[in-house]
Amino acid sequence: MLYAASLVTVTLILTVLGVSALGQTAGELPVLALAIPALWLLPQSGVAGWLLLCGLGAYGAMLPEQPLALSISLFMMLPILMICISTKGCWQLGALMISIALSMNVGLMALQGEGKLEGSISATLVQIIAIGVIWYAARCWRPIAGNTWWPLLAVLPLWIGGMGAAALVGLCVTGLIAALQSLIKMKHQDWIPRLACVLPAIGFTTLVVLPQFSVENPILVSWLLVLGGGLLGESLLDDPEEEDE
């Protein structure tokens, strides 16, 4: 249990470091940075690995066109999707969660269409779809017996080329996947849904707290409402064990 708690702590630290490093790149991530986790995953990961690669690639390709805070805030779709598929819930709760998330995202895209918010509607749509693909890939994921660590050497060209922040993003993504995979191998799958709720919130909070980043009010309000909806959904989920008692 202590080792599992250590892995959870590592995921929190990697999330903060990854978001901070991503902010320093201004969204300009070279392909090599995303190739690091991809090459680490693909040899044995099957279809789920390819889906994860496609999702990360599409999401990363839109980063330069979007405010970073908006891109990070969209990951709050993960806990919403988790609640929707929970066996403890019902379709009415899922519909409520989806309607909250969609209404907030549509509102942000409307502001983009009016020119009141940076970015583009098409880029936001691509990132929302990419996050859906990442979520589905995570659902289909099966722990890999052994990963090859040589792809991590790809950080050297990035570091030498003065792109240390991009290299750190690649390493943080790889480390995050490795930590989550280790939790599954240790039969601590119950941590995964909780982390799916906590990590997106931690990532966005990092942008809000650090003074070098700016978060526009519409994005902050949208994120808070989606977060509130997620917390409401969690509280409404029925716990069969509690009912039996």
# chains A, B, ... in the order shown; residues from 1 in each chain; ligands from 1
>>> residues_around(residues="segment 80-92 of chain A", least_positions_apart="4", cutoff="10 Å", atoms="only C-alpha atoms", output="list in words")
Phe75, Met76, Leu96, Met97, Ile98, Ile100, Ala101, Gly132, Trp135, Tyr136, Arg139, Ile192, Pro193, Arg194, Ala196, Cys197, Val226, Leu227, Gly229, Gly230, Leu231, Gly233, Glu234, Leu236, Leu237, Asp238, Asp239 and Pro240 of chain A
>>> write_last_selection(atoms="N, CA and C atoms", output="PDB file, in the first residue's frame")
ATOM      1  N   PHE A  75      -9.298  18.668 -20.350  1.00  0.00           N
ATOM      2  CA  PHE A  75      -9.068  17.345 -19.769  1.00  0.00           C
ATOM      3  C   PHE A  75     -10.045  17.042 -18.628  1.00  0.00           C
ATOM      4  N   MET A  76     -10.821  18.043 -18.200  1.00  0.00           N
ATOM      5  CA  MET A  76     -11.864  17.760 -17.214  1.00  0.00           C
ATOM      6  C   MET A  76     -12.973  16.903 -17.813  1.00  0.00           C
ATOM      7  N   LEU A  96     -26.839  14.090 -17.636  1.00  0.00           N
ATOM      8  CA  LEU A  96     -26.637  15.359 -16.937  1.00  0.00           C
ATOM      9  C   LEU A  96     -25.180  15.801 -17.009  1.00  0.00           C
ATOM     10  N   MET A  97     -24.257  14.867 -16.771  1.00  0.00           N
ATOM     11  CA  MET A  97     -22.831  15.202 -16.796  1.00  0.00           C
ATOM     12  C   MET A  97     -22.397  15.652 -18.194  1.00  0.00           C
ATOM     13  N   ILE A  98     -22.841  14.926 -19.216  1.00  0.00           N
ATOM     14  CA  ILE A  98     -22.476  15.277 -20.588  1.00  0.00           C
ATOM     15  C   ILE A  98     -23.047  16.636 -20.966  1.00  0.00           C
ATOM     16  N   ILE A 100     -23.696  19.165 -19.005  1.00  0.00           N
ATOM     17  CA  ILE A 100     -22.927  20.223 -18.331  1.00  0.00           C
ATOM     18  C   ILE A 100     -21.623  20.494 -19.081  1.00  0.00           C
ATOM     19  N   ALA A 101     -20.882  19.427 -19.389  1.00  0.00           N
ATOM     20  CA  ALA A 101     -19.595  19.590 -20.069  1.00  0.00           C
ATOM     21  C   ALA A 101     -19.781  20.192 -21.462  1.00  0.00           C
ATOM     22  N   GLY A 132     -11.353  12.328 -26.041  1.00  0.00           N
ATOM     23  CA  GLY A 132     -12.229  11.152 -26.064  1.00  0.00           C
ATOM     24  C   GLY A 132     -11.493   9.901 -26.513  1.00  0.00           C
ATOM     25  N   TRP A 135      -9.209   8.798 -23.676  1.00  0.00           N
ATOM     26  CA  TRP A 135     -10.013   8.125 -22.648  1.00  0.00           C
ATOM     27  C   TRP A 135     -10.345   6.695 -23.066  1.00  0.00           C
ATOM     28  N   TYR A 136     -10.756   6.509 -24.330  1.00  0.00           N
ATOM     29  CA  TYR A 136     -11.102   5.163 -24.790  1.00  0.00           C
ATOM     30  C   TYR A 136      -9.872   4.260 -24.803  1.00  0.00           C
ATOM     31  N   ARG A 139      -9.204   3.075 -21.375  1.00  0.00           N
ATOM     32  CA  ARG A 139     -10.148   2.028 -20.975  1.00  0.00           C
ATOM     33  C   ARG A 139      -9.737   0.666 -21.520  1.00  0.00           C
ATOM     34  N   ILE A 192      -7.285   4.411 -10.201  1.00  0.00           N
ATOM     35  CA  ILE A 192      -7.325   5.024 -11.529  1.00  0.00           C
ATOM     36  C   ILE A 192      -8.496   5.991 -11.699  1.00  0.00           C
ATOM     37  N   PRO A 193      -9.754   5.600 -11.376  1.00  0.00           N
ATOM     38  CA  PRO A 193     -10.851   6.572 -11.506  1.00  0.00           C
ATOM     39  C   PRO A 193     -10.637   7.818 -10.661  1.00  0.00           C
ATOM     40  N   ARG A 194     -10.072   7.644  -9.469  1.00  0.00           N
ATOM     41  CA  ARG A 194      -9.824   8.814  -8.610  1.00  0.00           C
ATOM     42  C   ARG A 194      -8.793   9.735  -9.238  1.00  0.00           C
ATOM     43  N   ALA A 196      -8.130   9.972 -12.371  1.00  0.00           N
ATOM     44  CA  ALA A 196      -8.724  10.581 -13.567  1.00  0.00           C
ATOM     45  C   ALA A 196      -9.468  11.862 -13.212  1.00  0.00           C
ATOM     46  N   CYS A 197      -9.945  11.947 -11.989  1.00  0.00           N
ATOM     47  CA  CYS A 197     -10.605  13.169 -11.509  1.00  0.00           C
ATOM     48  C   CYS A 197      -9.600  14.179 -10.964  1.00  0.00           C
ATOM     49  N   VAL A 226     -17.572  22.793 -14.761  1.00  0.00           N
ATOM     50  CA  VAL A 226     -17.393  21.375 -15.105  1.00  0.00           C
ATOM     51  C   VAL A 226     -16.867  20.606 -13.893  1.00  0.00           C
ATOM     52  N   LEU A 227     -15.922  21.216 -13.162  1.00  0.00           N
ATOM     53  CA  LEU A 227     -15.416  20.589 -11.942  1.00  0.00           C
ATOM     54  C   LEU A 227     -16.541  20.388 -10.935  1.00  0.00           C
ATOM     55  N   GLY A 229     -19.683  20.114 -11.611  1.00  0.00           N
ATOM     56  CA  GLY A 229     -20.546  19.052 -12.126  1.00  0.00           C
ATOM     57  C   GLY A 229     -19.969  17.676 -11.852  1.00  0.00           C
ATOM     58  N   GLY A 230     -18.639  17.550 -12.013  1.00  0.00           N
ATOM     59  CA  GLY A 230     -17.991  16.278 -11.732  1.00  0.00           C
ATOM     60  C   GLY A 230     -18.104  15.884 -10.270  1.00  0.00           C
ATOM     61  N   LEU A 231     -17.902  16.868  -9.382  1.00  0.00           N
ATOM     62  CA  LEU A 231     -18.035  16.588  -7.951  1.00  0.00           C
ATOM     63  C   LEU A 231     -19.469  16.216  -7.589  1.00  0.00           C
ATOM     64  N   GLY A 233     -21.589  14.795  -9.641  1.00  0.00           N
ATOM     65  CA  GLY A 233     -21.800  13.449 -10.162  1.00  0.00           C
ATOM     66  C   GLY A 233     -21.227  12.384  -9.246  1.00  0.00           C
ATOM     67  N   GLU A 234     -20.028  12.645  -8.729  1.00  0.00           N
ATOM     68  CA  GLU A 234     -19.413  11.691  -7.799  1.00  0.00           C
ATOM     69  C   GLU A 234     -20.272  11.494  -6.561  1.00  0.00           C
ATOM     70  N   LEU A 236     -23.449  11.816  -6.360  1.00  0.00           N
ATOM     71  CA  LEU A 236     -24.736  11.189  -6.678  1.00  0.00           C
ATOM     72  C   LEU A 236     -24.605   9.718  -7.044  1.00  0.00           C
ATOM     73  N   LEU A 237     -23.370   9.265  -7.267  1.00  0.00           N
ATOM     74  CA  LEU A 237     -23.182   7.860  -7.603  1.00  0.00           C
ATOM     75  C   LEU A 237     -23.615   6.984  -6.426  1.00  0.00           C
ATOM     76  N   ASP A 238     -24.376   5.987  -6.726  1.00  0.00           N
ATOM     77  CA  ASP A 238     -24.829   5.076  -5.672  1.00  0.00           C
ATOM     78  C   ASP A 238     -23.718   4.116  -5.316  1.00  0.00           C
ATOM     79  N   ASP A 239     -23.509   3.889  -4.048  1.00  0.00           N
ATOM     80  CA  ASP A 239     -22.512   2.938  -3.559  1.00  0.00           C
ATOM     81  C   ASP A 239     -23.242   1.698  -3.052  1.00  0.00           C
ATOM     82  N   PRO A 240     -23.156   0.599  -3.819  1.00  0.00           N
ATOM     83  CA  PRO A 240     -23.884  -0.605  -3.404  1.00  0.00           C
ATOM     84  C   PRO A 240     -23.509  -1.082  -2.010  1.00  0.00           C
TER      85      PRO A 240
END
>>> residues_around(residues="Val19 of chain A", least_positions_apart="2", cutoff="9 Å", atoms="only C-alpha atoms", output="list in words")
Leu14, Thr15, Val16, Leu17, Ala21, Leu22, Gly23, Gln24, Ile72, Val169, Gly203, Phe204, Thr206 and Leu207 of chain A
>>> write_last_selection(atoms="C-alpha atoms", output="compact mmCIF listing (two decimals), in the first residue's frame")
# COMPACT_ATOMS: atom_id res chain seq x y z
CA LEU A 14 4.71 14.65 -12.79
CA THR A 15 1.43 16.39 -13.63
CA VAL A 16 2.58 19.66 -12.07
CA LEU A 17 6.02 19.44 -13.72
CA ALA A 21 7.09 22.67 -18.71
CA LEU A 22 4.33 22.77 -21.33
CA GLY A 23 3.68 26.38 -20.40
CA GLN A 24 7.33 27.22 -21.06
CA ILE A 72 -5.60 21.94 -20.20
CA VAL A 169 7.08 17.22 -21.18
CA GLY A 203 -2.97 20.35 -13.97
CA PHE A 204 -5.33 23.29 -14.41
CA THR A 206 -1.07 24.66 -11.64
CA LEU A 207 -1.80 27.23 -14.35
>>> residues_around(residues="Ser214 of chain A", least_positions_apart="6", cutoff="10 Å", atoms="only C-alpha atoms", output="list in words")
Pro67, Leu68, Ala69, Leu207 and Val208 of chain A
>>> select_by_dssp(residues="segment 201-231 of chain A", states="helix (DSSP H, G or I)", output="list in words")
Ala201, Ile202, Gly203, Phe204, Thr205, Thr206, Leu207, Val208, Val209, Asn217, Pro218, Ile219, Leu220, Val221, Ser222, Trp223, Leu224, Leu225, Val226, Leu227, Gly228, Gly229, Gly230 and Leu231 of chain A
>>> write_last_selection(atoms="N, CA and C atoms", output="short mmCIF file (atom, residue, chain, number, x, y, z; two decimals), in the first residue's frame")
data_model
loop_
_atom_site.label_atom_id
_atom_site.label_comp_id
_atom_site.auth_asym_id
_atom_site.auth_seq_id
_atom_site.Cartn_x
_atom_site.Cartn_y
_atom_site.Cartn_z
N ALA A 201 -7.62 18.21 -12.60
CA ALA A 201 -7.83 19.37 -11.72
C ALA A 201 -6.50 19.94 -11.25
N ILE A 202 -5.55 19.06 -10.91
CA ILE A 202 -4.22 19.51 -10.48
C ILE A 202 -3.51 20.25 -11.61
N GLY A 203 -3.63 19.71 -12.83
CA GLY A 203 -2.97 20.35 -13.97
C GLY A 203 -3.47 21.76 -14.20
N PHE A 204 -4.79 21.96 -14.18
CA PHE A 204 -5.33 23.29 -14.41
C PHE A 204 -5.02 24.22 -13.24
N THR A 205 -5.10 23.69 -12.03
CA THR A 205 -4.79 24.51 -10.85
C THR A 205 -3.36 25.02 -10.90
N THR A 206 -2.46 24.23 -11.48
CA THR A 206 -1.07 24.66 -11.64
C THR A 206 -1.00 25.94 -12.45
N LEU A 207 -1.79 26.02 -13.52
CA LEU A 207 -1.80 27.23 -14.35
C LEU A 207 -2.36 28.43 -13.59
N VAL A 208 -3.37 28.17 -12.75
CA VAL A 208 -4.01 29.26 -12.01
C VAL A 208 -3.08 29.80 -10.94
N VAL A 209 -2.35 28.91 -10.27
CA VAL A 209 -1.53 29.30 -9.13
C VAL A 209 -0.23 29.97 -9.56
N ASN A 217 -10.97 34.69 -17.76
CA ASN A 217 -12.13 34.43 -16.90
C ASN A 217 -13.13 33.43 -17.48
N PRO A 218 -13.48 33.49 -18.79
CA PRO A 218 -14.44 32.50 -19.31
C PRO A 218 -13.93 31.06 -19.17
N ILE A 219 -12.62 30.87 -19.36
CA ILE A 219 -12.05 29.52 -19.24
C ILE A 219 -12.11 29.07 -17.79
N LEU A 220 -11.78 29.98 -16.86
CA LEU A 220 -11.81 29.64 -15.44
C LEU A 220 -13.22 29.30 -14.99
N VAL A 221 -14.21 30.10 -15.41
CA VAL A 221 -15.60 29.85 -15.02
C VAL A 221 -16.08 28.52 -15.59
N SER A 222 -15.75 28.27 -16.86
CA SER A 222 -16.15 27.01 -17.49
C SER A 222 -15.55 25.81 -16.76
N TRP A 223 -14.27 25.93 -16.42
CA TRP A 223 -13.60 24.83 -15.72
C TRP A 223 -14.22 24.60 -14.35
N LEU A 224 -14.51 25.67 -13.63
CA LEU A 224 -15.11 25.54 -12.30
C LEU A 224 -16.48 24.86 -12.36
N LEU A 225 -17.27 25.20 -13.39
CA LEU A 225 -18.60 24.61 -13.50
C LEU A 225 -18.51 23.12 -13.87
N VAL A 226 -17.57 22.79 -14.76
CA VAL A 226 -17.39 21.37 -15.11
C VAL A 226 -16.87 20.61 -13.89
N LEU A 227 -15.92 21.22 -13.16
CA LEU A 227 -15.42 20.59 -11.94
C LEU A 227 -16.54 20.39 -10.93
N GLY A 228 -17.37 21.42 -10.76
CA GLY A 228 -18.51 21.29 -9.84
C GLY A 228 -19.47 20.20 -10.29
N GLY A 229 -19.68 20.11 -11.61
CA GLY A 229 -20.55 19.05 -12.13
C GLY A 229 -19.97 17.68 -11.85
N GLY A 230 -18.64 17.55 -12.01
CA GLY A 230 -17.99 16.28 -11.73
C GLY A 230 -18.10 15.88 -10.27
N LEU A 231 -17.90 16.87 -9.38
CA LEU A 231 -18.04 16.59 -7.95
C LEU A 231 -19.47 16.22 -7.59
#
>>> atom_distance(atom1="atom CA of Met163 of chain A", atom2="atom CA of Gly60 of chain A")
15.9 Å
>>> closest_atom_pairs(of="segment 45-103 of chain A", to="segment 125-128 of chain A", cutoff="7 Å", atoms="only C-alpha atoms", output="JSON lines")
{"residue": "A:Ala58", "atom": "CA", "partner": "A:Gln127", "partner_atom": "CA", "distance": 6.9}
{"residue": "A:Tyr59", "atom": "CA", "partner": "A:Gln127", "partner_atom": "CA", "distance": 4.9}
{"residue": "A:Met62", "atom": "CA", "partner": "A:Gln127", "partner_atom": "CA", "distance": 6.9}
{"residue": "A:Leu74", "atom": "CA", "partner": "A:Ile128", "partner_atom": "CA", "distance": 6.7}
>>> residues_around(residues="Leu117 of chain A", least_positions_apart="3", cutoff="12 Å", atoms="only C-alpha atoms", output="PDB file with all heavy atoms, in the first residue's frame")
ATOM      1  N   GLU A  65      -2.386  26.578 -31.483  1.00  0.00           N
ATOM      2  CA  GLU A  65      -3.508  27.389 -31.942  1.00  0.00           C
ATOM      3  C   GLU A  65      -4.464  27.772 -30.821  1.00  0.00           C
ATOM      4  O   GLU A  65      -5.419  28.514 -31.053  1.00  0.00           O
ATOM      5  CB  GLU A  65      -4.284  26.635 -33.025  1.00  0.00           C
ATOM      6  CG  GLU A  65      -3.434  26.235 -34.225  1.00  0.00           C
ATOM      7  CD  GLU A  65      -4.256  25.532 -35.293  1.00  0.00           C
ATOM      8  OE1 GLU A  65      -5.489  25.750 -35.326  1.00  0.00           O
ATOM      9  OE2 GLU A  65      -3.674  24.774 -36.081  1.00  0.00           O
ATOM     10  N   GLN A  66      -4.217  27.267 -29.615  1.00  0.00           N
ATOM     11  CA  GLN A  66      -5.160  27.456 -28.525  1.00  0.00           C
ATOM     12  C   GLN A  66      -4.499  28.108 -27.314  1.00  0.00           C
ATOM     13  O   GLN A  66      -3.279  27.952 -27.116  1.00  0.00           O
ATOM     14  CB  GLN A  66      -5.712  26.091 -28.067  1.00  0.00           C
ATOM     15  CG  GLN A  66      -6.526  25.357 -29.105  1.00  0.00           C
ATOM     16  CD  GLN A  66      -7.952  25.856 -29.146  1.00  0.00           C
ATOM     17  OE1 GLN A  66      -8.240  26.879 -29.767  1.00  0.00           O
ATOM     18  NE2 GLN A  66      -8.836  25.162 -28.475  1.00  0.00           N
ATOM     19  N   PRO A  67      -5.273  28.824 -26.495  1.00  0.00           N
ATOM     20  CA  PRO A  67      -4.740  29.222 -25.193  1.00  0.00           C
ATOM     21  C   PRO A  67      -4.422  27.979 -24.381  1.00  0.00           C
ATOM     22  O   PRO A  67      -5.223  27.028 -24.351  1.00  0.00           O
ATOM     23  CB  PRO A  67      -5.898  30.022 -24.570  1.00  0.00           C
ATOM     24  CG  PRO A  67      -6.792  30.390 -25.700  1.00  0.00           C
ATOM     25  CD  PRO A  67      -6.646  29.315 -26.720  1.00  0.00           C
ATOM     26  N   ALA A  69      -4.435  27.428 -21.252  1.00  0.00           N
ATOM     27  CA  ALA A  69      -5.414  27.169 -20.192  1.00  0.00           C
ATOM     28  C   ALA A  69      -6.641  26.443 -20.745  1.00  0.00           C
ATOM     29  O   ALA A  69      -7.189  25.550 -20.094  1.00  0.00           O
ATOM     30  CB  ALA A  69      -5.830  28.477 -19.527  1.00  0.00           C
ATOM     31  N   LEU A  70      -7.074  26.809 -21.953  1.00  0.00           N
ATOM     32  CA  LEU A  70      -8.224  26.138 -22.552  1.00  0.00           C
ATOM     33  C   LEU A  70      -7.897  24.680 -22.862  1.00  0.00           C
ATOM     34  O   LEU A  70      -8.692  23.780 -22.580  1.00  0.00           O
ATOM     35  CB  LEU A  70      -8.639  26.873 -23.826  1.00  0.00           C
ATOM     36  CG  LEU A  70      -9.765  26.227 -24.645  1.00  0.00           C
ATOM     37  CD1 LEU A  70     -11.006  26.031 -23.788  1.00  0.00           C
ATOM     38  CD2 LEU A  70     -10.085  27.069 -25.877  1.00  0.00           C
ATOM     39  N   GLY A 107     -20.138  27.004 -25.049  1.00  0.00           N
ATOM     40  CA  GLY A 107     -20.024  28.419 -24.689  1.00  0.00           C
ATOM     41  C   GLY A 107     -18.652  28.987 -25.024  1.00  0.00           C
ATOM     42  O   GLY A 107     -18.537  30.098 -25.540  1.00  0.00           O
ATOM     43  N   LEU A 108     -17.597  28.212 -24.725  1.00  0.00           N
ATOM     44  CA  LEU A 108     -16.241  28.658 -25.055  1.00  0.00           C
ATOM     45  C   LEU A 108     -16.054  28.770 -26.564  1.00  0.00           C
ATOM     46  O   LEU A 108     -15.437  29.732 -27.064  1.00  0.00           O
ATOM     47  CB  LEU A 108     -15.212  27.683 -24.472  1.00  0.00           C
ATOM     48  CG  LEU A 108     -15.099  27.655 -22.945  1.00  0.00           C
ATOM     49  CD1 LEU A 108     -14.113  26.577 -22.510  1.00  0.00           C
ATOM     50  CD2 LEU A 108     -14.659  29.009 -22.397  1.00  0.00           C
ATOM     51  N   MET A 109     -16.589  27.799 -27.311  1.00  0.00           N
ATOM     52  CA  MET A 109     -16.453  27.856 -28.768  1.00  0.00           C
ATOM     53  C   MET A 109     -17.240  29.024 -29.356  1.00  0.00           C
ATOM     54  O   MET A 109     -16.831  29.627 -30.358  1.00  0.00           O
ATOM     55  CB  MET A 109     -16.903  26.529 -29.383  1.00  0.00           C
ATOM     56  CG  MET A 109     -15.911  25.399 -29.161  1.00  0.00           C
ATOM     57  SD  MET A 109     -16.324  23.880 -30.047  1.00  0.00           S
ATOM     58  CE  MET A 109     -17.647  23.245 -29.001  1.00  0.00           C
ATOM     59  N   ALA A 110     -18.370  29.364 -28.728  1.00  0.00           N
ATOM     60  CA  ALA A 110     -19.131  30.533 -29.183  1.00  0.00           C
ATOM     61  C   ALA A 110     -18.312  31.809 -29.006  1.00  0.00           C
ATOM     62  O   ALA A 110     -18.300  32.684 -29.887  1.00  0.00           O
ATOM     63  CB  ALA A 110     -20.448  30.623 -28.414  1.00  0.00           C
ATOM     64  N   LEU A 111     -17.612  31.911 -27.879  1.00  0.00           N
ATOM     65  CA  LEU A 111     -16.741  33.073 -27.654  1.00  0.00           C
ATOM     66  C   LEU A 111     -15.597  33.103 -28.668  1.00  0.00           C
ATOM     67  O   LEU A 111     -15.195  34.173 -29.129  1.00  0.00           O
ATOM     68  CB  LEU A 111     -16.184  33.040 -26.232  1.00  0.00           C
ATOM     69  CG  LEU A 111     -17.193  33.264 -25.093  1.00  0.00           C
ATOM     70  CD1 LEU A 111     -16.514  33.100 -23.740  1.00  0.00           C
ATOM     71  CD2 LEU A 111     -17.799  34.664 -25.200  1.00  0.00           C
ATOM     72  N   GLN A 112     -15.076  31.929 -29.019  1.00  0.00           N
ATOM     73  CA  GLN A 112     -14.033  31.883 -30.041  1.00  0.00           C
ATOM     74  C   GLN A 112     -14.567  32.329 -31.389  1.00  0.00           C
ATOM     75  O   GLN A 112     -13.891  33.039 -32.133  1.00  0.00           O
ATOM     76  CB  GLN A 112     -13.469  30.460 -30.143  1.00  0.00           C
ATOM     77  CG  GLN A 112     -12.602  30.045 -28.959  1.00  0.00           C
ATOM     78  CD  GLN A 112     -12.071  28.643 -29.095  1.00  0.00           C
ATOM     79  OE1 GLN A 112     -12.797  27.733 -29.492  1.00  0.00           O
ATOM     80  NE2 GLN A 112     -10.802  28.447 -28.763  1.00  0.00           N
ATOM     81  N   GLY A 113     -15.790  31.903 -31.705  1.00  0.00           N
ATOM     82  CA  GLY A 113     -16.396  32.304 -32.978  1.00  0.00           C
ATOM     83  C   GLY A 113     -16.625  33.801 -33.061  1.00  0.00           C
ATOM     84  O   GLY A 113     -16.552  34.391 -34.149  1.00  0.00           O
ATOM     85  N   GLU A 114     -16.883  34.439 -31.916  1.00  0.00           N
ATOM     86  CA  GLU A 114     -17.108  35.892 -31.882  1.00  0.00           C
ATOM     87  C   GLU A 114     -15.807  36.672 -31.748  1.00  0.00           C
ATOM     88  O   GLU A 114     -15.825  37.906 -31.728  1.00  0.00           O
ATOM     89  CB  GLU A 114     -18.026  36.240 -30.715  1.00  0.00           C
ATOM     90  CG  GLU A 114     -19.426  35.655 -30.837  1.00  0.00           C
ATOM     91  CD  GLU A 114     -20.263  35.879 -29.592  1.00  0.00           C
ATOM     92  OE1 GLU A 114     -19.730  36.504 -28.638  1.00  0.00           O
ATOM     93  OE2 GLU A 114     -21.426  35.438 -29.565  1.00  0.00           O
ATOM     94  N   SER A 120      -9.487  28.656 -31.963  1.00  0.00           N
ATOM     95  CA  SER A 120     -10.492  28.440 -33.001  1.00  0.00           C
ATOM     96  C   SER A 120     -11.432  27.320 -32.609  1.00  0.00           C
ATOM     97  O   SER A 120     -11.084  26.430 -31.815  1.00  0.00           O
ATOM     98  CB  SER A 120      -9.822  28.102 -34.334  1.00  0.00           C
ATOM     99  OG  SER A 120      -9.137  26.866 -34.248  1.00  0.00           O
ATOM    100  N   ILE A 121     -12.634  27.374 -33.160  1.00  0.00           N
ATOM    101  CA  ILE A 121     -13.630  26.347 -32.872  1.00  0.00           C
ATOM    102  C   ILE A 121     -13.139  24.983 -33.333  1.00  0.00           C
ATOM    103  O   ILE A 121     -13.290  23.976 -32.634  1.00  0.00           O
ATOM    104  CB  ILE A 121     -14.969  26.701 -33.553  1.00  0.00           C
ATOM    105  CG1 ILE A 121     -15.551  27.983 -32.945  1.00  0.00           C
ATOM    106  CG2 ILE A 121     -15.956  25.542 -33.430  1.00  0.00           C
ATOM    107  CD1 ILE A 121     -16.822  28.459 -33.619  1.00  0.00           C
ATOM    108  N   THR A 124     -10.601  23.483 -30.960  1.00  0.00           N
ATOM    109  CA  THR A 124     -11.248  23.004 -29.733  1.00  0.00           C
ATOM    110  C   THR A 124     -11.957  21.682 -29.970  1.00  0.00           C
ATOM    111  O   THR A 124     -11.862  20.756 -29.156  1.00  0.00           O
ATOM    112  CB  THR A 124     -12.254  24.051 -29.218  1.00  0.00           C
ATOM    113  OG1 THR A 124     -11.577  25.293 -28.991  1.00  0.00           O
ATOM    114  CG2 THR A 124     -12.885  23.599 -27.909  1.00  0.00           C
ATOM    115  N   VAL A 215      -4.901  32.951 -16.965  1.00  0.00           N
ATOM    116  CA  VAL A 215      -6.100  32.192 -17.299  1.00  0.00           C
ATOM    117  C   VAL A 215      -7.247  33.181 -17.472  1.00  0.00           C
ATOM    118  O   VAL A 215      -7.586  33.915 -16.544  1.00  0.00           O
ATOM    119  CB  VAL A 215      -6.441  31.176 -16.185  1.00  0.00           C
ATOM    120  CG1 VAL A 215      -7.720  30.419 -16.529  1.00  0.00           C
ATOM    121  CG2 VAL A 215      -5.289  30.202 -15.975  1.00  0.00           C
ATOM    122  N   GLU A 216      -7.838  33.202 -18.655  1.00  0.00           N
ATOM    123  CA  GLU A 216      -8.941  34.129 -18.919  1.00  0.00           C
ATOM    124  C   GLU A 216     -10.184  33.704 -18.143  1.00  0.00           C
ATOM    125  O   GLU A 216     -10.425  32.503 -17.921  1.00  0.00           O
ATOM    126  CB  GLU A 216      -9.234  34.187 -20.416  1.00  0.00           C
ATOM    127  CG  GLU A 216      -8.055  34.717 -21.239  1.00  0.00           C
ATOM    128  CD  GLU A 216      -8.429  34.935 -22.690  1.00  0.00           C
ATOM    129  OE1 GLU A 216      -9.435  35.626 -22.947  1.00  0.00           O
ATOM    130  OE2 GLU A 216      -7.720  34.415 -23.558  1.00  0.00           O
ATOM    131  N   ASN A 217     -10.973  34.689 -17.762  1.00  0.00           N
ATOM    132  CA  ASN A 217     -12.133  34.434 -16.904  1.00  0.00           C
ATOM    133  C   ASN A 217     -13.130  33.426 -17.484  1.00  0.00           C
ATOM    134  O   ASN A 217     -13.614  32.562 -16.744  1.00  0.00           O
ATOM    135  CB  ASN A 217     -12.857  35.755 -16.596  1.00  0.00           C
ATOM    136  CG  ASN A 217     -12.083  36.602 -15.594  1.00  0.00           C
ATOM    137  OD1 ASN A 217     -11.312  36.076 -14.794  1.00  0.00           O
ATOM    138  ND2 ASN A 217     -12.288  37.906 -15.628  1.00  0.00           N
ATOM    139  N   PRO A 218     -13.476  33.492 -18.787  1.00  0.00           N
ATOM    140  CA  PRO A 218     -14.435  32.498 -19.309  1.00  0.00           C
ATOM    141  C   PRO A 218     -13.929  31.061 -19.165  1.00  0.00           C
ATOM    142  O   PRO A 218     -14.709  30.153 -18.880  1.00  0.00           O
ATOM    143  CB  PRO A 218     -14.574  32.893 -20.788  1.00  0.00           C
ATOM    144  CG  PRO A 218     -14.201  34.334 -20.838  1.00  0.00           C
ATOM    145  CD  PRO A 218     -13.136  34.502 -19.802  1.00  0.00           C
ATOM    146  N   ILE A 219     -12.618  30.871 -19.361  1.00  0.00           N
ATOM    147  CA  ILE A 219     -12.051  29.522 -19.237  1.00  0.00           C
ATOM    148  C   ILE A 219     -12.111  29.068 -17.787  1.00  0.00           C
ATOM    149  O   ILE A 219     -12.457  27.915 -17.493  1.00  0.00           O
ATOM    150  CB  ILE A 219     -10.603  29.507 -19.760  1.00  0.00           C
ATOM    151  CG1 ILE A 219     -10.570  29.885 -21.240  1.00  0.00           C
ATOM    152  CG2 ILE A 219      -9.970  28.138 -19.553  1.00  0.00           C
ATOM    153  CD1 ILE A 219      -9.165  30.037 -21.809  1.00  0.00           C
TER     154      ILE A 219
END
>>> atom_distance(atom1="atom CA of Leu156 of chain A", atom2="atom CA of Leu32 of chain A")
10.5 Å
>>> residues_around(residues="Leu52 of chain A", least_positions_apart="5", cutoff="7 Å", atoms="only C-alpha atoms", output="list in words")
Val133, Ile134 and Ala137 of chain A
>>> write_last_selection(atoms="N, CA, C and O atoms", output="compact mmCIF listing (two decimals), in the first residue's frame")
# COMPACT_ATOMS: atom_id res chain seq x y z
N VAL A 133 -10.62 10.05 -27.50
CA VAL A 133 -9.82 8.92 -27.98
C VAL A 133 -8.84 8.46 -26.89
O VAL A 133 -8.65 7.26 -26.67
N ILE A 134 -8.21 9.43 -26.21
CA ILE A 134 -7.28 9.09 -25.11
C ILE A 134 -8.02 8.34 -24.02
O ILE A 134 -7.51 7.35 -23.47
N ALA A 137 -8.72 4.81 -25.23
CA ALA A 137 -7.49 4.03 -25.22
C ALA A 137 -7.13 3.60 -23.80
O ALA A 137 -6.68 2.47 -23.58
>>> atom_distance(atom1="atom CA of Ala130 of chain A", atom2="atom CA of Gly55 of chain A")
4.4 Å
>>> residues_around(residues="Ala167 of chain A", least_positions_apart="5", cutoff="6 Å", atoms="only C-alpha atoms", output="MDAnalysis selection string")
chainID A and resid 33 155 158
>>> residues_around(residues="Ala179 of chain A", least_positions_apart="3", cutoff="8 Å", atoms="only C-alpha atoms", output="NGL selection string")
:A and (7-8 or 10-11 or 175-176 or 182-183)
